[in-house]
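*Asks:* What follows is structure15.cif, mmCIF, C-alpha atoms.
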data_coords
#
loop_
_atom_site.label_atom_id
_atom_site.label_comp_id
_atom_site.auth_asym_id
_atom_site.auth_seq_id
_atom_site.Cartn_x
_atom_site.Cartn_y
_atom_site.Cartn_z
CA MET A 24 0.00 0.00 0.00
CA CYS A 25 1.22 3.44 -0.77
CA LEU A 26 0.82 4.59 2.87
CA SER A 27 2.97 1.85 4.36
CA THR A 28 6.25 3.21 5.73
CA PRO A 29 9.53 1.27 6.21
CA LYS A 30 10.05 0.25 9.87
CA ASP A 31 13.44 0.98 11.43
CA ASN A 32 14.17 -1.28 14.43
CA SER A 33 17.75 -0.20 14.94
CA ALA A 34 17.01 1.56 18.26
CA ALA A 35 15.23 -1.51 19.67
CA ILE A 36 18.07 -3.77 18.48
CA ALA A 37 20.67 -1.48 20.07
CA ARG A 38 18.69 -1.31 23.33
CA GLU A 39 18.43 -5.10 23.47
CA ALA A 40 22.15 -5.47 22.75
CA GLU A 41 23.02 -3.04 25.53
CA ALA A 42 20.74 -4.88 27.98
CA LYS A 43 22.48 -8.13 27.06
CA ARG A 44 25.92 -6.53 27.49
CA GLN A 45 24.97 -5.30 30.96
CA ALA A 46 23.57 -8.70 31.88
CA ARG A 47 26.79 -10.38 30.66
CA ILE A 48 28.95 -8.05 32.75
CA ALA A 49 26.75 -8.60 35.81
CA ALA A 50 26.95 -12.38 35.33
CA GLY A 51 30.71 -12.24 34.77
CA THR A 52 31.23 -10.12 37.89
CA GLU A 53 29.23 -12.65 39.88
CA ALA A 54 31.28 -15.52 38.43
CA ILE A 55 34.55 -13.80 39.33
CA ASN A 56 33.35 -12.99 42.84
CA LYS A 57 32.21 -16.59 43.30
CA GLN A 58 35.56 -17.91 42.08
CA PHE A 59 37.42 -15.60 44.43
CA SER A 60 35.16 -16.32 47.40
CA VAL A 61 37.59 -19.09 48.40
CA PHE A 62 39.98 -16.33 49.41
CA ASP A 63 38.16 -15.52 52.62
CA ASP A 64 39.50 -14.70 56.09
CA SER A 65 39.93 -18.36 56.89
CA TYR A 66 42.14 -18.80 53.81
CA TYR A 67 44.42 -15.98 54.92
CA ASP A 68 44.41 -17.29 58.49
CA GLN A 69 45.64 -20.63 57.17
CA LEU A 70 48.30 -18.91 55.12
CA GLN A 71 49.44 -16.98 58.18
CA GLN A 72 49.49 -20.23 60.16
CA SER A 73 51.55 -21.87 57.41
CA ALA A 74 54.13 -19.12 57.74
CA LEU A 75 54.17 -19.56 61.53
CA ASP A 76 54.46 -23.33 61.15
CA PHE A 77 57.43 -22.78 58.88
CA TYR A 78 59.31 -20.13 60.86
CA ASN A 79 58.53 -21.06 64.48
CA PRO A 80 60.18 -24.52 64.48
CA ASP A 81 63.22 -23.00 62.78
CA LEU A 82 63.38 -20.28 65.42
CA THR A 83 62.85 -22.81 68.21
CA ARG A 84 65.68 -24.99 66.87
CA GLN A 85 68.03 -22.00 66.69
CA ALA A 86 66.96 -20.91 70.17
CA GLU A 87 67.51 -24.35 71.69
CA ASP A 88 70.94 -24.67 70.12
CA THR A 89 71.97 -21.21 71.23
CA ARG A 90 70.54 -21.67 74.74
CA GLU A 91 72.37 -24.95 75.16
CA MET A 92 75.64 -23.47 74.01
CA LEU A 93 75.14 -20.36 76.10
CA THR A 94 74.33 -22.40 79.21
CA LYS A 95 77.37 -24.61 78.70
CA ASN A 96 79.64 -21.61 78.17
CA LEU A 97 78.29 -19.89 81.27
CA ALA A 98 78.65 -23.09 83.30
CA ARG A 99 82.19 -23.60 82.00
CA SER A 100 83.17 -20.08 83.00
CA GLY A 101 81.44 -20.47 86.37
CA ASN A 102 78.93 -17.72 85.61
CA LEU A 103 75.76 -19.75 85.26
CA SER A 104 74.68 -19.27 88.87
CA GLY A 105 75.81 -15.68 89.04
CA SER A 106 74.33 -12.37 87.99
CA VAL A 107 76.24 -12.52 84.69
CA GLY A 108 74.54 -15.80 83.90
CA ALA A 109 71.12 -14.47 84.86
CA THR A 110 71.64 -11.34 82.75
CA THR A 111 72.90 -13.30 79.77
CA ILE A 112 70.02 -15.78 79.93
CA SER A 113 67.54 -12.96 80.45
CA ASP A 114 68.95 -11.05 77.45
CA PHE A 115 68.79 -14.17 75.35
CA GLU A 116 65.19 -14.92 76.35
CA GLU A 117 64.25 -11.32 75.64
CA GLU A 118 65.84 -11.55 72.21
CA LEU A 119 63.99 -14.80 71.61
CA ALA A 120 60.70 -13.12 72.58
CA ARG A 121 61.45 -10.27 70.16
CA GLN A 122 62.26 -12.74 67.40
CA LYS A 123 58.98 -14.53 68.05
CA ALA A 124 57.17 -11.21 67.72
CA LEU A 125 59.02 -10.54 64.46
CA VAL A 126 58.08 -13.99 63.16
CA GLY A 127 54.45 -13.25 64.08
CA ASP A 128 54.74 -9.96 62.22
CA LYS A 129 56.32 -11.66 59.22
CA ALA A 130 53.53 -14.24 59.06
CA ARG A 131 50.83 -11.57 59.34
CA ASN A 132 52.50 -9.49 56.64
CA TYR A 133 52.82 -12.56 54.45
CA ALA A 134 49.07 -13.11 54.63
CA GLN A 135 48.53 -9.40 54.03
CA GLY A 136 50.73 -9.53 50.93
CA ALA A 137 48.69 -12.46 49.68
CA ARG A 138 45.51 -10.42 50.14
CA ALA A 139 47.02 -7.67 48.01
CA LYS A 140 48.02 -10.12 45.26
CA VAL A 141 44.57 -11.70 45.19
CA GLU A 142 42.89 -8.31 45.05
CA GLN A 143 45.19 -7.25 42.23
CA ASN A 144 44.26 -10.32 40.21
CA ARG A 145 40.57 -9.87 40.90
CA ASN A 146 40.83 -6.29 39.64
CA ALA A 147 42.62 -7.32 36.49
CA LEU A 148 39.92 -9.87 35.74
CA LEU A 149 37.12 -7.38 36.33
CA ASN A 150 38.82 -4.91 34.01
CA GLN A 151 39.14 -7.57 31.33
CA LEU A 152 35.50 -8.50 31.79
CA ALA A 153 34.44 -4.87 31.38
CA ALA A 154 36.39 -4.72 28.14
CA THR A 155 35.17 -8.03 26.73
CA ALA A 156 31.79 -8.47 28.44
CA ASP A 157 32.43 -12.19 28.10
CA PRO A 158 31.48 -13.91 31.36
CA ALA A 159 32.57 -17.37 30.17
CA ALA A 160 36.10 -16.17 29.47
CA ALA A 161 36.08 -14.17 32.71
CA ALA A 162 35.02 -17.21 34.75
CA GLN A 163 37.66 -19.37 33.08
CA ALA A 164 40.36 -16.79 33.71
CA ALA A 165 39.16 -16.38 37.31
CA ALA A 166 39.37 -20.12 37.89
CA SER A 167 42.86 -20.21 36.44
CA GLN A 168 43.98 -17.22 38.54
CA ALA A 169 42.42 -18.69 41.66
CA GLN A 170 44.33 -21.92 41.06
CA THR A 171 47.61 -20.06 40.61
CA LEU A 172 47.02 -18.05 43.76
CA SER A 173 46.22 -21.22 45.71
CA ALA A 174 49.62 -22.72 44.88
CA PRO A 175 51.73 -23.59 47.93
CA PRO A 176 53.48 -20.52 49.31
CA GLU A 177 57.22 -20.15 49.13
CA PHE A 178 58.96 -19.06 52.32
CA SER A 179 62.55 -17.94 52.58
CA PRO A 180 64.40 -19.55 55.46
CA LEU A 181 64.97 -17.67 58.68
CA ALA A 182 68.38 -16.06 59.02
CA ASP A 183 70.72 -16.81 61.95
CA VAL A 184 69.03 -14.59 64.52
CA PHE A 185 71.08 -15.45 67.63
CA GLY A 186 74.51 -14.90 66.18
CA LYS A 187 75.55 -12.42 68.82
CA PHE A 188 74.76 -14.91 71.59
CA ALA A 189 76.54 -17.73 69.81
CA ASN A 190 79.67 -15.61 69.88
CA LEU A 191 79.42 -15.08 73.60
CA SER A 192 82.03 -17.49 74.67
CA ALA A 193 83.62 -17.80 78.03
CA GLN A 194 86.72 -16.17 76.62
CA GLN A 195 84.77 -13.08 75.70
CA VAL A 196 83.29 -12.88 79.17
CA ALA A 197 86.77 -13.27 80.60
CA GLY A 198 88.10 -10.66 78.19
CA ALA A 199 85.39 -8.22 79.24
CA ARG A 200 86.40 -8.79 82.85
CA GLN A 201 89.91 -7.87 81.92
CA GLY A 202 88.73 -4.58 80.54
CA TYR A 203 88.40 -5.42 76.87
CA ASP A 204 85.63 -3.78 74.91
CA ASN A 205 83.97 -6.78 73.30
CA ILE A 206 80.52 -8.26 72.66
CA ALA A 207 80.26 -9.44 76.28
CA SER A 208 81.07 -6.03 77.73
CA ARG A 209 78.75 -4.27 75.31
CA ASN A 210 75.81 -6.67 75.45
CA LEU A 211 76.05 -7.85 79.00
CA GLY A 212 77.63 -4.83 80.62
CA ILE A 213 80.42 -6.94 82.14
CA GLN A 214 82.82 -4.66 83.96
CA PRO A 215 86.48 -5.36 84.72
CA ARG A 216 87.11 -6.74 88.18
CA VAL A 217 89.27 -4.35 90.11
CA ALA A 218 91.18 -5.36 93.26
CA ALA A 219 89.93 -3.65 96.37
CA ASP A 220 93.28 -2.24 97.40
CA SER A 221 94.49 -0.98 94.01
CA SER A 222 93.50 -0.15 90.47
CA ARG A 223 94.88 -3.48 89.30
CA ILE A 224 92.55 -5.48 87.13
CA VAL A 225 91.85 -8.93 88.46
CA ALA A 226 91.22 -11.62 85.87
CA MET B 18 -21.24 20.08 -7.95
CA CYS B 19 -18.96 20.64 -4.93
CA ASN B 20 -17.68 24.05 -4.24
CA PRO B 21 -13.88 23.79 -4.67
CA ALA B 22 -13.34 26.49 -2.05
CA LEU B 23 -15.15 24.43 0.55
CA VAL B 24 -13.36 21.28 -0.51
CA ALA B 25 -10.04 23.11 -0.30
CA ALA B 26 -10.88 24.38 3.15
CA GLY B 27 -11.87 20.90 4.30
CA LEU B 28 -8.79 19.27 2.89
CA MET B 29 -6.52 21.94 4.32
CA ALA B 30 -8.18 21.50 7.72
CA GLY B 31 -7.76 17.74 7.42
CA SER B 32 -4.15 18.22 6.47
CA ALA B 33 -3.57 20.48 9.44
CA TYR B 34 -5.24 17.99 11.76
CA MET B 35 -3.26 15.03 10.45
CA SER B 36 -0.07 17.01 10.55
CA ASN B 37 -0.77 18.04 14.12
CA ARG B 38 -1.57 14.45 15.04
CA ALA B 39 1.69 13.29 13.47
CA ASN B 40 3.64 15.93 15.35
CA GLN B 41 1.94 14.92 18.58
CA LYS B 42 2.89 11.29 18.00
CA VAL B 43 6.52 12.34 17.43
CA ALA B 44 6.45 14.51 20.54
CA ASP B 45 4.93 11.67 22.59
CA ALA B 46 7.44 9.13 21.30
CA ARG B 47 10.38 11.47 21.96
CA GLU B 48 9.04 12.18 25.43
CA ASP B 49 8.68 8.43 26.09
CA ALA B 50 12.24 7.83 24.92
CA VAL B 51 13.64 10.62 27.08
CA ARG B 52 11.53 9.59 30.07
CA GLY B 53 12.66 5.98 29.69
CA GLU B 54 16.30 6.96 29.50
CA THR B 55 15.97 9.45 32.36
CA SER B 56 14.42 6.72 34.47
CA ARG B 57 17.28 4.33 33.66
CA GLN B 58 19.87 7.03 34.34
CA ASP B 59 18.13 7.81 37.64
CA ALA B 60 18.39 4.15 38.64
CA TYR B 61 22.12 4.06 37.79
CA GLN B 62 22.58 7.31 39.66
CA ARG B 63 20.75 5.99 42.72
CA ASP B 64 22.89 2.84 42.74
CA ALA B 65 26.06 4.89 42.33
CA ILE B 66 25.09 7.31 45.09
CA ALA B 67 24.24 4.43 47.42
CA ARG B 68 27.56 2.70 46.66
CA PHE B 69 29.51 5.91 47.08
CA GLY B 70 27.62 6.63 50.30
CA ASP B 71 28.64 3.23 51.69
CA THR B 72 32.25 3.93 50.83
CA GLN B 73 32.12 7.42 52.24
CA ASN B 74 30.69 6.09 55.49
CA MET B 75 33.78 3.91 55.87
CA PHE B 76 35.83 7.07 56.21
CA THR B 77 34.05 8.68 59.11
CA ARG B 78 36.24 9.29 62.11
CA GLY B 79 34.36 6.65 64.10
CA GLU B 80 34.70 3.97 61.41
CA GLN B 81 38.38 4.70 60.88
CA ASP B 82 39.10 4.65 64.60
CA SER B 83 37.20 1.40 64.87
CA LEU B 84 39.09 -0.11 61.92
CA GLN B 85 42.42 0.97 63.38
CA GLN B 86 41.54 -0.44 66.78
CA ARG B 87 40.31 -3.71 65.34
CA THR B 88 43.42 -4.12 63.21
CA THR B 89 45.71 -3.26 66.11
CA ASP B 90 43.89 -5.71 68.37
CA GLU B 91 44.09 -8.51 65.80
CA ARG B 92 47.78 -7.92 65.09
CA SER B 93 48.56 -7.65 68.81
CA ARG B 94 46.70 -10.89 69.49
CA ASP B 95 48.69 -12.67 66.76
CA LEU B 96 52.11 -11.24 67.61
CA ILE B 97 51.81 -11.47 71.40
CA GLY B 98 50.29 -14.93 70.99
CA ASN B 99 53.40 -16.04 69.12
CA VAL B 100 55.64 -14.55 71.84
CA GLN B 101 53.77 -16.48 74.52
CA LYS B 102 53.99 -19.73 72.58
CA ASP B 103 56.51 -22.26 73.98
CA THR B 104 57.83 -19.88 76.62
CA LEU B 105 60.83 -21.28 78.43
CA ALA B 106 60.16 -22.70 81.89
CA PRO B 107 62.87 -21.46 84.28
CA SER B 108 63.36 -25.04 85.40
CA ALA B 109 64.66 -25.81 81.92
CA ILE B 110 67.88 -23.92 82.70
CA PRO B 111 70.24 -26.55 84.18
CA LEU B 112 71.42 -24.65 87.24
CA PRO B 113 73.84 -26.50 89.46
CA GLY B 114 72.20 -28.14 92.44
CA SER B 115 74.27 -25.87 94.67
CA ALA B 116 72.76 -22.75 93.18
CA PRO B 117 71.17 -20.66 95.92
CA THR B 118 67.41 -20.18 95.97
CA VAL B 119 67.84 -16.48 95.35
CA VAL B 120 69.64 -17.27 92.06
CA ARG B 121 66.79 -19.48 90.98
CA SER B 122 64.17 -16.88 91.84
CA ASN B 123 66.22 -14.17 90.11
CA LEU B 124 66.40 -16.30 87.01
CA GLU B 125 62.67 -16.93 87.11
CA GLN B 126 62.12 -13.21 87.48
CA SER B 127 64.50 -12.45 84.61
CA ILE B 128 62.81 -14.90 82.26
CA GLY B 129 59.41 -13.49 83.23
CA ASP B 130 60.68 -9.96 82.57
CA ALA B 131 62.13 -11.05 79.25
CA THR B 132 58.80 -12.47 78.14
CA LYS B 133 57.01 -9.32 79.30
CA SER B 134 59.50 -7.17 77.43
CA GLY B 135 58.96 -9.29 74.31
CA GLU B 136 55.18 -8.87 74.66
CA ASP B 137 55.59 -5.10 74.93
CA PHE B 138 57.76 -5.13 71.84
CA ALA B 139 55.13 -7.25 70.03
CA GLY B 140 52.41 -4.79 71.05
CA ARG B 141 54.40 -1.82 69.71
CA LEU B 142 55.23 -3.68 66.52
CA ALA B 143 51.57 -4.62 66.07
CA ALA B 144 50.43 -1.02 66.51
CA PHE B 145 53.07 0.11 64.04
CA GLY B 146 52.03 -2.42 61.38
CA ALA B 147 48.33 -1.92 62.02
CA PHE B 148 48.38 1.46 60.30
CA ASP B 149 49.56 -0.03 57.01
CA GLU B 150 47.11 -2.88 57.35
CA GLY B 151 44.28 -0.42 57.98
CA GLN B 152 45.33 1.60 54.95
CA PHE B 153 45.37 -1.57 52.86
CA SER B 154 41.84 -2.26 54.00
CA ASN B 155 40.83 1.28 53.01
CA ASN B 156 42.51 0.97 49.63
CA ARG B 157 40.83 -2.34 48.95
CA ASN B 158 37.42 -0.90 49.82
CA LEU B 159 38.05 2.16 47.67
CA ASN B 160 39.18 -0.03 44.84
CA ARG B 161 36.10 -2.24 45.03
CA SER B 162 33.90 0.82 45.18
CA ALA B 163 35.67 2.25 42.13
CA GLN B 164 35.11 -1.02 40.28
CA ASP B 165 31.39 -0.90 41.06
CA LEU B 166 31.12 2.78 40.13
CA ASN B 167 33.02 2.19 36.88
CA ARG B 168 30.63 -0.62 36.02
CA LEU B 169 27.63 1.60 36.69
CA ALA B 170 29.23 4.41 34.65
CA SER B 171 29.75 1.97 31.79
CA PHE B 172 26.09 0.87 32.01
CA SER B 173 24.98 4.49 32.13
CA ALA B 174 27.07 5.50 29.12
CA GLY B 175 26.01 2.41 27.18
CA SER B 176 22.36 3.12 27.81
CA ASN B 177 22.75 6.78 27.00
CA ARG B 178 24.32 5.96 23.65
CA ILE B 179 21.03 4.37 22.54
CA LEU B 180 18.98 7.52 23.18
CA PRO B 181 19.86 9.30 19.89
CA LEU B 182 18.74 6.19 18.00
CA GLU B 183 15.50 6.11 19.98
CA LEU B 184 14.94 9.81 19.29
CA ALA B 185 15.57 9.23 15.61
CA ALA B 186 13.04 6.38 15.73
CA ALA B 187 10.60 8.65 17.57
CA ASN B 188 10.90 11.17 14.76
CA GLN B 189 9.54 8.52 12.43
CA LYS B 190 6.36 8.12 14.46
CA GLY B 191 3.13 9.41 12.82
CA SER B 192 4.59 9.10 9.36
CA ARG B 193 1.31 7.70 8.05
CA ASP B 194 -0.54 10.68 9.46
CA ARG B 195 2.05 12.94 7.93
CA GLN B 196 1.58 11.27 4.56
CA LEU B 197 -2.18 11.80 4.85
CA ALA B 198 -1.58 15.39 5.84
CA ASP B 199 0.57 15.83 2.74
CA ILE B 200 -2.06 14.24 0.54
CA PHE B 201 -4.84 16.36 2.06
CA GLY B 202 -2.67 19.41 1.77
CA ALA B 203 -1.91 18.72 -1.89
CA GLY B 204 -5.61 18.10 -2.53
CA GLY B 205 -6.46 21.31 -0.73
CA GLN B 206 -4.03 23.26 -2.86
CA VAL B 207 -5.51 21.78 -6.03
CA ALA B 208 -9.02 22.56 -4.84
CA GLY B 209 -7.96 26.03 -3.81
CA ALA B 210 -6.43 26.66 -7.20
CA ALA B 211 -9.62 25.44 -8.84
CA ALA B 212 -11.71 27.69 -6.68
CA ALA B 213 -9.51 30.64 -7.57
CA THR B 214 -10.12 30.06 -11.26
CA GLY B 215 -13.90 29.95 -10.70
CA VAL B 216 -14.46 26.31 -11.39
CA GLY B 217 -17.90 25.17 -10.12
CA SER B 218 -18.76 28.59 -8.82
CA THR B 219 -22.56 28.14 -9.39
CA TRP B 220 -23.24 25.91 -6.51
CA PRO B 221 -24.73 26.34 -4.00
CA TYR B 222 -24.86 30.10 -4.51
CA THR B 223 -25.53 32.13 -7.71
CA THR B 224 -23.46 34.97 -8.81
CA PRO B 225 -25.73 37.85 -9.83
CA ARG B 226 -25.29 39.14 -13.36
CA THR B 227 -24.48 42.80 -13.65
CA ASP B 228 -24.51 45.26 -16.46
CA SER B 229 -21.64 47.44 -17.50
CA ALA B 230 -22.53 49.92 -14.80
CA GLY B 231 -22.48 47.21 -12.17
CA ARG B 232 -26.21 47.01 -11.62
CA ILE B 233 -27.63 43.65 -10.82
CA LEU B 234 -29.69 42.36 -13.63
CA GLY B 235 -31.35 39.49 -11.73
CA PRO B 236 -30.66 35.90 -10.78
CA VAL B 237 -29.34 33.57 -13.38
#
Could the structure of this file be written out as structure tokens, please?

*Replies:*
Amino acid sequence: MCLSTPKDNSAAIAREAEAKRQARIAAGTEAINKQFSVFDDSYYDQLQQSALDFYNPDLTRQAEDTREMLTKNLARSGNLSGSVGATTISDFEEELARQKALVGDKARNYAQGARAKVEQNRNALLNQLAATADPAAAAQAAASQAQTLSAPPEFSPLADVFGKFANLSAQQVAGARQGYDNIASRNLGIQPRVAADSSRIVA
Amino acid sequence: MCNPALVAAGLMAGSAYMSNRANQKVADAREDAVRGETSRQDAYQRDAIARFGDTQNMFTRGEQDSLQQRTTDERSRDLIGNVQKDTLAPSAIPLPGSAPTVVRSNLEQSIGDATKSGEDFAGRLAAFGAFDEGQFSNNRNLNRSAQDLNRLASFSAGSNRILPLELAAANQKGSRDRQLADIFGAGGQVAGAAAATGVGSTWPYTTPRTDSAGRILGPV
């Protein structure tokens, strides 16, 4: 008929396409969030515990070795029952307590670093999803990223943290008593023994 | 026979009516399109404002103090807990049997002090690290909020891009009425032209005949 006019559906098609794009992004975001939901507080708690389980036994082993050596050295030099022995042991135990705190800090920071990495990966995936609006690809990438992030953590071994105590030998204590400025005099405050009737140093 | 002037007037009126109806349909369709888009944009805006409001609320003094306190408490619990783990019993130090009681009690006191000192150190270290941890938490929340707002902005822009197409489609509304208006208008012009040339001027009225002086001579 002469009065019929051509129908242009381009606006409706474009509106439908946009609605689908938005739905795809919403679905993809949900898929990524679901995939990353394994990285909850309990996951990071476990990671932190793994770091503690790795570092604490190492620290304990070093502490036991150093304590044993320190005790033997103090006993050999006859200082174990004296104030020097008490101070040395106290200093060592204090250092051990500090090292334990540092290990706790290290483990907490390790878990915190993992949180940052996971968040970074989640962001990257969401950005890719926004660009592609392809939830299937986003979910696949999220699964792959989640698997990579779940890989066993790598910890670097603990350094020798009680070196200064290991060097505290009886000779150094004796040297400090003779007036030498050494690790025993600096760390333990061992003063030279001076004879009562003169300024002569008594070994 | 029809009077062309009347026909022209009728057709022109019809044309005006149809044209007006077509224009109204266009106006209605455009208004619908704009209203629809405004409504969608309002929804995006509401979501964005709500999301932003949530984020903003995280940065009130109270929330930040609470976050800082919570983080400090958690870190302190973890660090001090690790200090207290496997604490040395004073009896583990192999003092000679001859060691006086005062030596033993001094040693016990020293080890207790050492642990306390380590706990204090752990508490200070925890408070120190808690700031960074709190900031990380803030950054993560800001980042997630930004992701949500970016998504809403993308939805908003995507939707808004369709509006010109919808307005163009709205401009096509009432085209049939417009065609009728054109046809009526063309017919009216033809009828008007006919009326101007005197076609069919005898009906329904008669034109009196006049003489050369303009006097009416009588009905035809």

*Asks:* Just want the 7 Å neighbourhood of region 126-135 of chain A, counted on all atoms listed in the file, with same-chain residues fewer than 6 positions away dropped. Output as a PDB file with C-alpha atoms, keeping the file's coordinate frame.

*Replies:*
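See out_33.pdb below for the written result:
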ATOM      1  CA  TYR A  67      44.420 -15.980  54.920  1.00  0.00           C
ATOM      2  CA  LEU A  70      48.300 -18.910  55.120  1.00  0.00           C
ATOM      3  CA  GLN A  71      49.440 -16.980  58.180  1.00  0.00           C
ATOM      4  CA  ALA A  74      54.130 -19.120  57.740  1.00  0.00           C
ATOM      5  CA  LEU A  75      54.170 -19.560  61.530  1.00  0.00           C
ATOM      6  CA  TYR A  78      59.310 -20.130  60.860  1.00  0.00           C
TER       7      TYR A  78
ATOM      8  CA  ASP B  95      48.690 -12.670  66.760  1.00  0.00           C
ATOM      9  CA  LEU B  96      52.110 -11.240  67.610  1.00  0.00           C
ATOM     10  CA  ASN B  99      53.400 -16.040  69.120  1.00  0.00           C
TER      11      ASN B  99
END

*Asks:* Pick from A:Ala49, A:Ala42, A:Leu97, A:Leu82: nearest to Pro180 (chain A), with only C-alpha atoms counted?

*Replies:*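 Looking only at the distances to Pro180 (chain A), the closest residue turns out to be A:Leu82.
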
*Asks:* Within 9 Å of chain B, which residues of chain A show up when using all atoms listed in the file, listed as a PyMOL selection string?

*Replies:* chain A and resi 26-28+30-35+37-38+41-42+44-45+48-49+75+79+83+90-91+94+98+103-106+108-110+112-128+131-132+135+139+142+146+149-150+153

*Asks:* Can you list, as a list in words, the residues that the PyMOL selection byres ((chain B and resi 25-27) around 12) selects here?

*Replies:*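 This file gives the following for the PyMOL selection byres ((chain B and resi 25-27) around 12): Cys19, Asn20, Pro21, Ala22, Leu23, Val24, Leu28, Met29, Ala30, Gly31, Ser32, Ala33, Tyr34, Ala198, Ile200, Phe201, Gly202, Ala203, Gly204, Gly205, Gln206, Val207, Ala208, Gly209, Ala210, Ala211, Ala212 and Ala213 of chain B.
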
*Asks:* Between CA of Ser83 (chain B) and CA of Leu159 (chain B), measure the distance and give it in Å to one decimal.

*Replies:*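 One can read the CA of Ser83 (chain B) to CA of Leu159 (chain B) distance as 17.2 Å.
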
*Asks:* Once the PyMOL selection byres ((chain B and resi 61) around 10) has been evaluated on this model, what residues remain selected, and can you format them as a ChimeraX atom specification?

*Replies:* /B:55-60,62-67,166,168-173

*Asks:* Hey, can I get the axis-aligned box for region 141-157 of chain B? All listed atoms, 5 Å padding on each side, centre and edge lengths in Å to one decimal, as JSON.

*Replies:*
{"center_x": 48.0, "center_y": -1.5, "center_z": 59.3, "size_x": 24.4, "size_y": 16.2, "size_z": 30.8}

*Asks:* What is the CA of Pro80 (chain A) to CA of Ser179 (chain A) distance in Å?

*Replies:*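 Spanning CA of Pro80 (chain A) to CA of Ser179 (chain A) is a straight-line distance of 13.8 Å.
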